[in-house]
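Chemist: Please find one structure pasted underneath; my questions will follow.
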Amino acid sequence: MKKVGVMKVKFIGATGGIVTGSSYLLEFPKSTFLVDCGMYQGEENVERLNFEPFPFDPARLDYVLLTHAHLDHVGLLPKLVKHGFTGKIICTDATKSLAEIIMMDAAKIQEEDAYYRNNDRSNNVQEEGSYSKGEPLYTRDDIAAVMAAFETYPIGEQVKLGPDMSFRMREAGHILGSVTFEMWYTNSQGRERKLVMSGDLGQTGARIIKDPDFIREADYVIMESTYGGRNHRDKNSTLLELLSILQEASKQKARVIIPTFAVERAQELLYEMNLFVERKLLKGLKFYVDSPLAIKATEIFRAYKRYYDEDAMALVHSGDDPFSFRGLEYTESVHDSRRIAGERGAVIMAGSGMCTGGRVLHHLMNTLPHKDAHILFVGFQVPGTLGRKLVDGAKMVRIHGVEVPVQAQIHTLNGFSAHADQHDLLYWLRSFGHSPKEVFITHGDQTNRTVFAELVRNELQLNAVIPEPGQEYELD
Ligand SMILES: [Zn+2]
């Protein structure tokens, strides 16, 4: 017998061992929600998914809830609107501001890529089924319509949204404005049920932003497992490693290139470097934020101080601006970016964080062949990216069609991750006093999601499910 009034979740992205493309369809009896609408990033067969039709009708959606503004959580919103979505997009005000600059940046890259594909005669042999021809997914002109759909709410306030559901956002501690969603609805028996969607969870003790909130109750939990298989190095040893690399670079007047995610990581690095410089632990270096996106994101961080944790607020109240210190320069123009290209004794933070495009590429071309130079990786590198190749020890890489030998010292500082590690994830899940009936493990590669699901089963005695793309579950 077909049940009436059942709530269903359909797993779309960030499943099947893929970490990007976050997207979940929630179908309540009278209303339909999408949680996150992320872009697929990484290997070509993953990025190809961006060009597939949505596995639902965007015109039928009432709301999109956004956990945070990273591209792999918001990057397909313009495509959603182009394909008929006319509902509201719900998130924090900081997420709205960050999502705008991130989508604009992505649109610009889409336009450039499409132009390159359509004008590069030498590369004009398209493989069968290849997506890489023709129109961009969306352009900068598409973003205004997306921004008009936003509706922002404060963290901590319970809000009724449509006929079926009420929600409350809680701190996720991942990036500025990031949240976990608590959602209440009535099941087919007329009983109240609660679903919690973790979003991406941050590390406890991360700089600038507040720590993740612990949530006490849920019937169902959908949670990420990016680092479900391992623990980060501890933060203090990571900071000491950063300091010693920078001190060595200062002594040798060497160059340091830091491929930097524009949102959160860039600001966190500035925060630490500000402390090094203010405490006179570092001298004689010039610091550059060579990324228009990171510069805009830093302005947004300055504007939303109410998301800061106590330490960051104390620093601000003492009169110190963590995003401004001796030797720091923001190089917005292309001209300035070229000017600093050969400079010694320079620490250059440039995007993209995984070296898939952006100004970091010309800095890497100039810097990789030099033995005394340092390349510092401070974030997760998706397989298939240039960043991953360098981290994995490639001796020769291809940048803008040129073979570049890798002589520079490559460092990976794991402690900077904006993601909770295995210990943090388990700790967060353990805090649910009343045991959830089911925990769905998503947003992890094959190893991380499998290892984490086993831990959830064995250590917490909970029912852990690993959903695959397109699978649907009733949450009754
Ligand atoms: Zn994220």
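Labels used: A, B, ... for chains in the order of the structure tokens, numbers from 1 for residues in each chain, and numbers from 1 for ligands as shown.
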Please provide as a ChimeraX atom specification all residues within 10 Å of stretch 144-161 of chain A, with the sequence filter that same-chain residues fewer than 6 positions apart are discarded (counting only C-alpha atoms).
Modeler: /A:31,62-65,77-82,85-97,99-100,103-104,167-171,177-184,307
Chemist: Keeping C-alpha atoms, export the residues of the selection given above as an mmCIF file, in the first residue's frame.
Modeler:
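As written to disk, result38.cif reads:
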data_model
loop_
_atom_site.group_PDB
_atom_site.id
_atom_site.type_symbol
_atom_site.label_atom_id
_atom_site.label_comp_id
_atom_site.auth_asym_id
_atom_site.auth_seq_id
_atom_site.Cartn_x
_atom_site.Cartn_y
_atom_site.Cartn_z
ATOM 1 C CA SER A 31 6.735 21.202 -0.878
ATOM 2 C CA ASP A 62 10.051 25.676 -3.735
ATOM 3 C CA TYR A 63 13.277 26.432 -1.880
ATOM 4 C CA VAL A 64 17.017 25.928 -1.973
ATOM 5 C CA LEU A 65 18.796 25.855 1.387
ATOM 6 C CA LEU A 77 22.613 27.860 -8.721
ATOM 7 C CA PRO A 78 22.776 30.003 -11.892
ATOM 8 C CA LYS A 79 22.128 26.881 -13.985
ATOM 9 C CA LEU A 80 19.187 26.047 -11.703
ATOM 10 C CA VAL A 81 17.656 29.489 -12.244
ATOM 11 C CA LYS A 82 18.292 29.286 -16.010
ATOM 12 C CA PHE A 85 13.796 27.626 -10.643
ATOM 13 C CA THR A 86 11.652 30.501 -9.317
ATOM 14 C CA GLY A 87 11.679 29.794 -5.570
ATOM 15 C CA LYS A 88 13.711 31.290 -2.740
ATOM 16 C CA ILE A 89 17.325 30.626 -1.784
ATOM 17 C CA ILE A 90 17.730 30.463 1.988
ATOM 18 C CA CYS A 91 21.005 31.039 3.854
ATOM 19 C CA THR A 92 22.909 33.418 6.156
ATOM 20 C CA ASP A 93 23.753 36.956 5.004
ATOM 21 C CA ALA A 94 27.469 36.136 4.959
ATOM 22 C CA THR A 95 26.806 33.130 2.710
ATOM 23 C CA LYS A 96 24.797 35.341 0.364
ATOM 24 C CA SER A 97 27.627 37.869 0.056
ATOM 25 C CA ALA A 99 28.123 33.203 -2.863
ATOM 26 C CA GLU A 100 27.794 36.272 -5.083
ATOM 27 C CA MET A 103 29.440 32.639 -8.607
ATOM 28 C CA MET A 104 30.707 35.755 -10.442
ATOM 29 C CA PHE A 167 14.273 24.856 10.118
ATOM 30 C CA ARG A 168 16.985 26.384 12.251
ATOM 31 C CA MET A 169 20.545 27.125 11.185
ATOM 32 C CA ARG A 170 23.413 26.294 13.538
ATOM 33 C CA GLU A 171 27.139 27.073 13.352
ATOM 34 C CA GLY A 177 28.471 32.053 7.469
ATOM 35 C CA SER A 178 28.496 28.243 7.160
ATOM 36 C CA VAL A 179 25.691 26.328 8.833
ATOM 37 C CA THR A 180 24.253 22.967 9.746
ATOM 38 C CA PHE A 181 20.495 22.661 9.156
ATOM 39 C CA GLU A 182 18.062 21.283 11.714
ATOM 40 C CA MET A 183 14.680 20.536 10.096
ATOM 41 C CA TRP A 184 11.432 19.527 11.716
ATOM 42 C CA TYR A 307 30.568 35.667 12.899
#
Chemist: Quick one: pick out all alpha helix (DSSP H) residues within stretch 327-448 of chain A from a backbone DSSP run and write them as number ranges by chain.
Modeler: A: 334-339, 360-367, 386-391, 422-430, 446-448
Chemist: Out of A:Glu329, A:Leu61, A:Leu34, A:His443, which residue has the shortest atom-to-atom distance to A:Gly21 when counting only C-alpha atoms?
Modeler: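 Selected residue with least distance to A:Gly21: A:His443.
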Chemist: Rounded to one decimal, what separation in Å do you get between atom CA of A:Gly393 and atom CA of A:Leu413?
Modeler: 14.8 Å
Chemist: DSSP on the backbone: which residues in stretch 22-163 of chain A end up as strand (DSSP E)? Give the answer as a CSV table (one decimal) with N, CA and C atoms, in the first residue's frame.
Modeler:
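Result file follows (result03.csv):
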chain,number,residue,atom,x,y,z
A,24,TYR,N,21.1,17.7,-2.5
A,24,TYR,CA,20.2,16.8,-1.9
A,24,TYR,C,18.8,17.3,-2.2
A,25,LEU,N,17.9,16.4,-2.7
A,25,LEU,CA,16.5,16.8,-2.9
A,25,LEU,C,15.7,16.3,-1.8
A,26,LEU,N,14.9,17.2,-1.1
A,26,LEU,CA,14.0,16.8,0.0
A,26,LEU,C,12.6,17.0,-0.5
A,27,GLU,N,11.8,15.9,-0.6
A,27,GLU,CA,10.5,16.0,-1.0
A,27,GLU,C,9.5,15.7,0.1
A,32,THR,N,8.9,21.0,-2.0
A,32,THR,CA,10.1,20.4,-2.4
A,32,THR,C,11.3,21.3,-2.2
A,33,PHE,N,12.3,20.8,-1.6
A,33,PHE,CA,13.5,21.6,-1.2
A,33,PHE,C,14.8,20.9,-1.9
A,34,LEU,N,15.7,21.8,-2.2
A,34,LEU,CA,17.0,21.3,-2.6
A,34,LEU,C,18.0,21.9,-1.5
A,35,VAL,N,18.8,21.0,-1.0
A,35,VAL,CA,19.9,21.5,-0.1
A,35,VAL,C,21.2,21.5,-0.8
A,63,TYR,N,12.2,25.8,-2.6
A,63,TYR,CA,13.3,26.4,-1.9
A,63,TYR,C,14.6,25.7,-2.1
A,64,VAL,N,15.7,26.5,-2.1
A,64,VAL,CA,17.0,25.9,-2.0
A,64,VAL,C,17.6,26.4,-0.7
A,65,LEU,N,18.1,25.5,0.2
A,65,LEU,CA,18.8,25.9,1.4
A,65,LEU,C,20.3,25.7,1.1
A,88,LYS,N,12.8,30.5,-3.6
A,88,LYS,CA,13.7,31.3,-2.7
A,88,LYS,C,15.0,30.5,-2.4
A,89,ILE,N,16.1,31.2,-2.2
A,89,ILE,CA,17.3,30.6,-1.8
A,89,ILE,C,17.6,31.1,-0.4
A,90,ILE,N,17.7,30.1,0.6
A,90,ILE,CA,17.7,30.5,2.0
A,90,ILE,C,19.1,30.2,2.5
A,91,CYS,N,19.7,31.2,3.2
A,91,CYS,CA,21.0,31.0,3.9
A,91,CYS,C,21.3,32.2,4.8
A,150,PHE,N,17.6,35.4,-3.2
A,150,PHE,CA,18.1,35.1,-1.8
A,150,PHE,C,17.2,35.7,-0.8
A,151,GLU,N,17.1,34.9,0.3
A,151,GLU,CA,16.4,35.4,1.5
A,151,GLU,C,17.2,34.9,2.7
A,152,THR,N,17.7,35.9,3.5
A,152,THR,CA,18.7,35.5,4.6
A,152,THR,C,18.0,35.5,6.0
A,158,GLN,N,14.4,29.8,14.8
A,158,GLN,CA,13.6,28.7,14.1
A,158,GLN,C,12.6,29.4,13.2
A,159,VAL,N,12.5,28.9,11.9
A,159,VAL,CA,11.7,29.6,10.9
A,159,VAL,C,10.8,28.5,10.2
A,160,LYS,N,9.5,28.8,10.1
A,160,LYS,CA,8.6,28.0,9.4
A,160,LYS,C,8.7,28.3,7.9
A,161,LEU,N,9.0,27.3,7.1
A,161,LEU,CA,9.2,27.6,5.6
A,161,LEU,C,8.3,26.7,4.8
Chemist: To one decimal place in Å, what is the distance between atom CA of A:Lys253 and atom CA of A:Gly327?
Modeler: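 A separation of 14.2 Å between them.
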Chemist: 8 Å from ligand 1 is the threshold here; counting only C-alpha atoms and all ligand atoms, which polymer residues fall inside it? Answer as a compact mmCIF listing (two decimals) with C-alpha atoms, in the first residue's frame.
Modeler:
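For reference, part-v3.txt as written:
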# COMPACT_ATOMS: atom_id res chain seq x y z
CA HIS A 68 27.75 27.61 2.82
CA ALA A 69 29.19 29.51 -0.11
CA HIS A 70 31.89 27.18 -1.44
CA LEU A 71 31.63 26.57 -5.18
CA ASP A 72 30.96 22.85 -4.71
CA HIS A 73 27.84 23.85 -2.73
CA HIS A 174 33.64 25.58 8.28
CA ILE A 175 33.79 29.01 6.59
CA GLY A 199 26.88 20.69 5.70
CA ASP A 200 30.67 20.81 5.76
CA ALA A 418 38.68 23.97 7.03
CA HIS A 419 37.23 20.48 7.52
Chemist: Would you list the contacts of A:Leu361 as a list in words, taking every protein, DNA or RNA residue within 10 Å and counting only C-alpha atoms, but skipping same-chain residues closer than 6 positions in sequence?
Modeler: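 Contacts, in chain order: Pro259, Ala350, Gly351, Ser352, Cys355, Thr367, Leu386, Ile399 and His400 of chain A.
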Chemist: List the spatial neighbours of A:Pro53 as a PDB file with C-alpha atoms, in the first residue's frame - criterion: any atom at most 12 Å away, only C-alpha atoms, same-chain residues fewer than 3 positions off excluded.
Modeler:
ATOM      1  CA  ILE A  12      22.311  13.690  -5.981  1.00  0.00           C
ATOM      2  CA  ARG A  48      31.338  16.563 -17.090  1.00  0.00           C
ATOM      3  CA  LEU A  49      28.443  16.026 -14.648  1.00  0.00           C
ATOM      4  CA  ASN A  50      27.915  19.816 -14.527  1.00  0.00           C
ATOM      5  CA  PHE A  56      14.557  16.742 -11.090  1.00  0.00           C
ATOM      6  CA  ASP A  57      12.516  19.610 -12.500  1.00  0.00           C
ATOM      7  CA  PRO A  58      13.963  22.914 -11.191  1.00  0.00           C
ATOM      8  CA  LEU A  76      25.168  25.351 -10.078  1.00  0.00           C
ATOM      9  CA  LYS A  79      22.128  26.881 -13.985  1.00  0.00           C
ATOM     10  CA  LEU A  80      19.187  26.047 -11.703  1.00  0.00           C
ATOM     11  CA  LYS A  82      18.292  29.286 -16.010  1.00  0.00           C
ATOM     12  CA  HIS A  83      16.422  25.975 -16.035  1.00  0.00           C
ATOM     13  CA  LEU A 137      27.192  26.770 -18.239  1.00  0.00           C
TER      14      LEU A 137
END
Chemist: Could you please determine the separation between atom CA of A:Asp141 and atom CA of A:Pro55 in Å, to one decimal place?
Modeler: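 Atom CA of A:Pro55 lies at a distance of 25.0 Å from atom CA of A:Asp141.
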Chemist: So, with only C-alpha atoms as the atoms that count, which of A:Val378, A:Leu426, A:Met39, A:Leu475 lies closest to A:Leu460?
Modeler: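 Selected residue with least distance to A:Leu460: A:Leu426.
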Chemist: Which of these residues is nearest to A:Gly205, using only C-alpha atoms: A:Glu468, A:Asp234, A:Glu454, A:Glu241?
Modeler: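 Counting only C-alpha atoms, the residue closest to A:Gly205 is A:Asp234.
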Chemist: Using only C-alpha atoms, which residue out of A:Ile18, A:Leu269, A:Ala420, A:Leu364 lies closest to A:Met396?
Modeler: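 Nearest candidate to A:Met396 out of A:Ile18, A:Leu269, A:Ala420, A:Leu364: A:Leu364.
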Chemist: Hey, what's within 12 Å of A:Arg449 if we count only C-alpha atoms and toss same-chain stuff fewer than 3 positions away? As an mmCIF file with N, CA and C atoms, in the first residue's frame, please?
Modeler:
data_model
loop_
_atom_site.group_PDB
_atom_site.id
_atom_site.type_symbol
_atom_site.label_atom_id
_atom_site.label_comp_id
_atom_site.auth_asym_id
_atom_site.auth_seq_id
_atom_site.Cartn_x
_atom_site.Cartn_y
_atom_site.Cartn_z
ATOM 1 N N ALA A 14 27.888 14.822 -4.339
ATOM 2 C CA ALA A 14 28.696 14.469 -3.160
ATOM 3 C C ALA A 14 28.388 13.057 -2.670
ATOM 4 N N THR A 15 28.104 12.175 -3.641
ATOM 5 C CA THR A 15 27.910 10.750 -3.341
ATOM 6 C C THR A 15 28.720 9.958 -4.360
ATOM 7 N N GLY A 16 28.695 8.629 -4.227
ATOM 8 C CA GLY A 16 29.417 7.794 -5.192
ATOM 9 C C GLY A 16 30.924 7.989 -5.116
ATOM 10 N N GLY A 17 31.419 8.403 -3.953
ATOM 11 C CA GLY A 17 32.858 8.597 -3.787
ATOM 12 C C GLY A 17 33.334 9.945 -4.296
ATOM 13 N N ILE A 18 32.392 10.782 -4.748
ATOM 14 C CA ILE A 18 32.732 12.131 -5.228
ATOM 15 C C ILE A 18 32.530 13.110 -4.071
ATOM 16 N N VAL A 19 33.472 14.035 -3.917
ATOM 17 C CA VAL A 19 33.408 14.961 -2.783
ATOM 18 C C VAL A 19 32.709 16.273 -3.166
ATOM 19 N N MET A 223 25.473 13.443 6.949
ATOM 20 C CA MET A 223 26.707 14.142 7.315
ATOM 21 C C MET A 223 27.860 13.871 6.378
ATOM 22 N N GLU A 224 28.756 14.851 6.349
ATOM 23 C CA GLU A 224 29.912 14.779 5.461
ATOM 24 C C GLU A 224 30.998 13.879 6.048
ATOM 25 N N SER A 225 31.917 13.426 5.211
ATOM 26 C CA SER A 225 32.993 12.545 5.684
ATOM 27 C C SER A 225 34.294 12.836 4.944
ATOM 28 N N THR A 226 34.490 14.125 4.560
ATOM 29 C CA THR A 226 35.678 14.488 3.774
ATOM 30 C C THR A 226 36.952 13.896 4.374
ATOM 31 N N TYR A 227 37.110 14.062 5.682
ATOM 32 C CA TYR A 227 38.282 13.514 6.370
ATOM 33 C C TYR A 227 37.858 12.432 7.362
ATOM 34 N N GLY A 228 36.842 11.663 6.994
ATOM 35 C CA GLY A 228 36.357 10.606 7.888
ATOM 36 C C GLY A 228 37.356 9.489 8.108
ATOM 37 N N GLY A 229 38.371 9.416 7.254
ATOM 38 C CA GLY A 229 39.330 8.315 7.351
ATOM 39 C C GLY A 229 40.615 8.661 8.061
ATOM 40 N N ARG A 230 40.793 9.924 8.419
ATOM 41 C CA ARG A 230 42.072 10.248 9.074
ATOM 42 C C ARG A 230 42.000 11.538 9.894
ATOM 43 N N GLN A 422 38.621 13.098 11.357
ATOM 44 C CA GLN A 422 37.864 11.943 11.848
ATOM 45 C C GLN A 422 37.444 12.116 13.318
ATOM 46 N N LEU A 425 34.673 14.710 13.594
ATOM 47 C CA LEU A 425 33.397 14.222 13.034
ATOM 48 C C LEU A 425 32.719 13.256 14.008
ATOM 49 N N VAL A 439 22.169 7.298 9.957
ATOM 50 C CA VAL A 439 23.152 8.328 9.620
ATOM 51 C C VAL A 439 23.604 8.067 8.186
ATOM 52 N N PHE A 440 23.342 9.023 7.311
ATOM 53 C CA PHE A 440 23.744 8.889 5.911
ATOM 54 C C PHE A 440 25.101 9.562 5.743
ATOM 55 N N ILE A 441 26.061 8.820 5.225
ATOM 56 C CA ILE A 441 27.435 9.328 5.103
ATOM 57 C C ILE A 441 27.662 9.769 3.656
ATOM 58 N N THR A 442 27.948 11.057 3.473
ATOM 59 C CA THR A 442 28.156 11.600 2.125
ATOM 60 C C THR A 442 29.467 12.398 2.086
ATOM 61 N N HIS A 443 29.711 13.071 0.945
ATOM 62 C CA HIS A 443 30.794 14.047 0.832
ATOM 63 C C HIS A 443 32.132 13.477 1.292
ATOM 64 N N GLY A 444 32.437 12.248 0.815
ATOM 65 C CA GLY A 444 33.744 11.671 1.112
ATOM 66 C C GLY A 444 34.163 10.813 -0.060
ATOM 67 N N ASP A 445 35.493 10.684 -0.274
ATOM 68 C CA ASP A 445 35.900 9.771 -1.334
ATOM 69 C C ASP A 445 35.694 8.342 -0.842
ATOM 70 N N GLN A 446 35.993 7.379 -1.698
ATOM 71 C CA GLN A 446 35.674 5.987 -1.402
ATOM 72 C C GLN A 446 36.230 5.564 -0.038
ATOM 73 N N PHE A 452 34.752 5.839 7.637
ATOM 74 C CA PHE A 452 33.942 6.563 8.622
ATOM 75 C C PHE A 452 32.641 5.810 8.931
ATOM 76 N N ALA A 453 32.021 5.249 7.902
ATOM 77 C CA ALA A 453 30.777 4.496 8.136
ATOM 78 C C ALA A 453 31.036 3.315 9.064
ATOM 79 N N GLU A 454 32.167 2.627 8.878
ATOM 80 C CA GLU A 454 32.522 1.510 9.763
ATOM 81 C C GLU A 454 32.676 1.975 11.205
ATOM 82 N N LEU A 455 33.336 3.121 11.370
ATOM 83 C CA LEU A 455 33.530 3.669 12.717
ATOM 84 C C LEU A 455 32.197 4.003 13.376
ATOM 85 N N VAL A 456 31.296 4.590 12.573
ATOM 86 C CA VAL A 456 29.987 4.972 13.112
ATOM 87 C C VAL A 456 29.239 3.714 13.574
ATOM 88 N N ALA A 464 24.685 3.209 9.953
ATOM 89 C CA ALA A 464 25.295 4.101 8.961
ATOM 90 C C ALA A 464 24.995 3.608 7.553
ATOM 91 N N VAL A 465 24.534 4.513 6.707
ATOM 92 C CA VAL A 465 24.180 4.180 5.335
ATOM 93 C C VAL A 465 25.069 5.000 4.404
ATOM 94 N N ILE A 466 25.594 4.366 3.361
ATOM 95 C CA ILE A 466 26.366 5.119 2.353
ATOM 96 C C ILE A 466 25.516 5.198 1.091
ATOM 97 N N PRO A 467 24.839 6.324 0.867
ATOM 98 C CA PRO A 467 23.977 6.422 -0.313
ATOM 99 C C PRO A 467 24.784 6.586 -1.595
ATOM 100 N N GLU A 468 24.223 6.118 -2.686
ATOM 101 C CA GLU A 468 24.851 6.267 -4.003
ATOM 102 C C GLU A 468 24.063 7.301 -4.810
#
Chemist: With distances taken over only C-alpha atoms, which of A:Glu459, A:Glu310, A:Glu264, A:Asp476 is nearest to A:Ala297?
Modeler: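 Going through A:Glu459, A:Glu310, A:Glu264, A:Asp476 one by one, the smallest distance to A:Ala297 is for A:Glu264.
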Chemist: Skipping near chain neighbours, those fewer than 6 positions away, what residues fall within 9 Å of A:Arg233 using only C-alpha atoms, listed as number ranges by chain?
Modeler: A: 413-416
